[in-house]
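A.B. asks: Got a structure for you, written out below as structure tokens; questions coming shortly.
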Amino acid sequence: MTVQFIATILGEERSGVMRSLAQQTNQLGGIWLDSRVSQLGGRFVGLIKIEIGEDKADELKAFFEHHDGLITHFNDCNDLQQSFALWSLTYEARDKSGLIDQITQALAEFAIDIDDMESHRYAVVELGQSVLSAYFSLRTPIDFSPEPLQEKLQHIDQQASIEITQMQ
């Protein structure tokens, strides 16, 4: 029997960290089903969904936990049989305080979960201010219609560029 869990990893960026974790997972007969890895502020940040034999899970978790310089947390995966749809949202607008809060509040009002979010702020000389560019992967109710969300988000900033697309 196999189990699935998500390992959340934080540590100083060092050469070979990912290779070491992947190698140990492989040696114990596990596989990485999905992963996200980034560097933020000189730190290595990783999310790894792992499937492994139930008899080897504790050994792998111990390896991750005792890997030098890493802080690791584990969450068991529950294969919920819920119906949902996947959508992407791109939002670009003049930056202002609380903009991400307003966007996430609008998503919550429509019972939308954020699976992934990436945002960047950059200066635009022609505008004389910063612009926020944000991308979201969303999990929505199966009967979700994007038009009401589009209207709600447009209300935050009439000049915003908003694209909501269903993913396969």
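Identifiers in this document derive from the order of the structure tokens: chains are assigned A, B, ..., residues are numbered from 1 separately in each chain, and ligands are numbered from 1 in order of occurrence.
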Run DSSP on the backbone and tell me which residues of segment 24-74 of chain A come out as helix (DSSP H, G or I); list them as a list in words.
C.D. replies: Gln24, Thr25, Asn26, Gln27, Ala57, Asp58, Glu59, Leu60, Lys61, Ala62, Phe63, Phe64 and Glu65 of chain A
A.B. asks: Which residues come within 6 Å of Lys49 of chain A, counting only C-alpha atoms, excluding same-chain residues fewer than 5 positions away, as a list in words?
C.D. replies: Phe5, Ile6, Trp32, Leu33 and Asp34 of chain A
A.B. asks: Write out as a count of residues only the residues lying within 12 Å of Leu99 of chain A, counting only C-alpha atoms and excluding same-chain residues fewer than 3 positions away.
C.D. replies: 22
A.B. asks: Residues at most 9 Å from Phe136 of chain A, counting only C-alpha atoms, excluding those fewer than 3 positions away in the same chain, as a VMD selection string?
C.D. replies: chain A and resid 87 to 91 114 to 119
A.B. asks: Could you save the residues just selected, with C-alpha atoms, as a compact mmCIF listing (two decimals), in the first residue's frame?
C.D. replies:
# COMPACT_ATOMS: atom_id res chain seq x y z
CA TRP A 87 -9.24 28.37 -14.01
CA SER A 88 -6.41 30.86 -14.42
CA LEU A 89 -6.61 34.55 -13.61
CA THR A 90 -4.21 37.23 -14.77
CA TYR A 91 -4.63 40.66 -13.19
CA ILE A 114 -6.10 29.64 -4.89
CA ASP A 115 -3.91 26.72 -5.94
CA ASP A 116 -0.99 28.89 -7.02
CA MET A 117 -0.22 32.60 -7.06
CA GLU A 118 2.67 34.59 -8.41
CA SER A 119 2.84 38.37 -8.30
A.B. asks: Would you list the contacts of Thr8 of chain A as a ChimeraX atom specification, taking every protein, DNA or RNA residue within 7 Å and counting only C-alpha atoms, but skipping same-chain residues closer than 5 positions in sequence?
C.D. replies: /A:46-48,72-74
A.B. asks: Name the closest residue to His67 of chain A among the candidates A:Tyr122, A:Met167, A:Gln24, A:Thr2; distances are taken between atoms, counting only C-alpha atoms.
C.D. replies: A:Gln24
A.B. asks: So that I can check the secondary structure, give me every residue of segment 60-138 of chain A assigned strand (DSSP E) by backbone DSSP, as JSON, numbers by chain.
C.D. replies: {"A": [70, 71, 72, 73, 74, 75, 76, 84, 85, 86, 87, 88, 89, 90, 91, 92, 93, 94, 113, 114, 115, 116, 117, 118, 119, 120, 121, 122, 123, 124, 129, 130, 131, 132, 133, 134, 135, 136, 137, 138]}
A.B. asks: Can you pull out every residue within 10 Å of Glu12 of chain A, counting only C-alpha atoms, but drop anything in the same chain fewer than 4 positions away, and send it as a short mmCIF file (atom, residue, chain, number, x, y, z; two decimals) with N, CA, C and O atoms, in the first residue's frame?
C.D. replies:
data_model
loop_
_atom_site.label_atom_id
_atom_site.label_comp_id
_atom_site.auth_asym_id
_atom_site.auth_seq_id
_atom_site.Cartn_x
_atom_site.Cartn_y
_atom_site.Cartn_z
N VAL A 17 20.89 20.25 -3.05
CA VAL A 17 19.80 19.95 -2.12
C VAL A 17 18.72 19.13 -2.81
O VAL A 17 18.31 18.07 -2.32
N GLN A 39 13.37 30.16 -5.37
CA GLN A 39 14.30 30.86 -4.50
C GLN A 39 13.66 32.20 -4.18
O GLN A 39 13.27 32.94 -5.07
N LEU A 40 13.53 32.49 -2.91
CA LEU A 40 12.98 33.75 -2.45
C LEU A 40 13.91 34.32 -1.40
O LEU A 40 14.15 33.69 -0.37
N GLY A 41 14.44 35.50 -1.65
CA GLY A 41 15.29 36.16 -0.68
C GLY A 41 16.48 35.34 -0.24
O GLY A 41 16.85 35.36 0.93
N GLY A 42 17.10 34.60 -1.16
CA GLY A 42 18.25 33.78 -0.82
C GLY A 42 17.90 32.47 -0.14
O GLY A 42 18.78 31.76 0.34
N ARG A 43 16.63 32.17 -0.09
CA ARG A 43 16.17 30.93 0.54
C ARG A 43 15.61 29.99 -0.53
O ARG A 43 15.02 30.41 -1.52
N PHE A 44 15.78 28.72 -0.29
CA PHE A 44 15.21 27.67 -1.11
C PHE A 44 13.85 27.33 -0.52
O PHE A 44 13.72 27.09 0.68
N VAL A 45 12.81 27.34 -1.35
CA VAL A 45 11.46 27.02 -0.91
C VAL A 45 10.93 25.94 -1.83
O VAL A 45 10.97 26.09 -3.05
N ASP A 68 20.59 18.61 6.54
CA ASP A 68 21.25 19.79 7.11
C ASP A 68 20.71 21.10 6.54
O ASP A 68 20.67 21.30 5.33
N GLY A 69 20.26 21.98 7.43
CA GLY A 69 19.85 23.33 7.04
C GLY A 69 18.44 23.46 6.51
O GLY A 69 18.07 24.54 6.05
N LEU A 70 17.65 22.39 6.54
CA LEU A 70 16.28 22.47 6.03
C LEU A 70 15.27 22.41 7.16
O LEU A 70 15.43 21.68 8.12
N ILE A 71 14.21 23.18 7.00
CA ILE A 71 13.05 23.09 7.87
C ILE A 71 11.97 22.42 7.01
O ILE A 71 11.67 22.89 5.91
#
A.B. asks: Select, from A:Ile112, A:Ile31, A:Ala57, A:Ala123, the residue with the minimum atom-to-atom distance to Pro141 of chain A, counting only C-alpha atoms.
C.D. replies: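 Among the listed residues, A:Ile112 lies closest to Pro141 of chain A.
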A.B. asks: Which residue out of A:Leu60, A:Ile9, A:Ile162, A:Leu86 has the minimum interatomic distance to Asn26 of chain A when only C-alpha atoms are used?
C.D. replies: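 Among the listed residues, A:Leu60 lies closest to Asn26 of chain A.
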A.B. asks: Any idea what's packed within 10 Å of Leu28 of chain A, counting only C-alpha atoms, ignoring anything in its chain fewer than 6 positions away? Could you give it as a count of residues only?
C.D. replies: 7
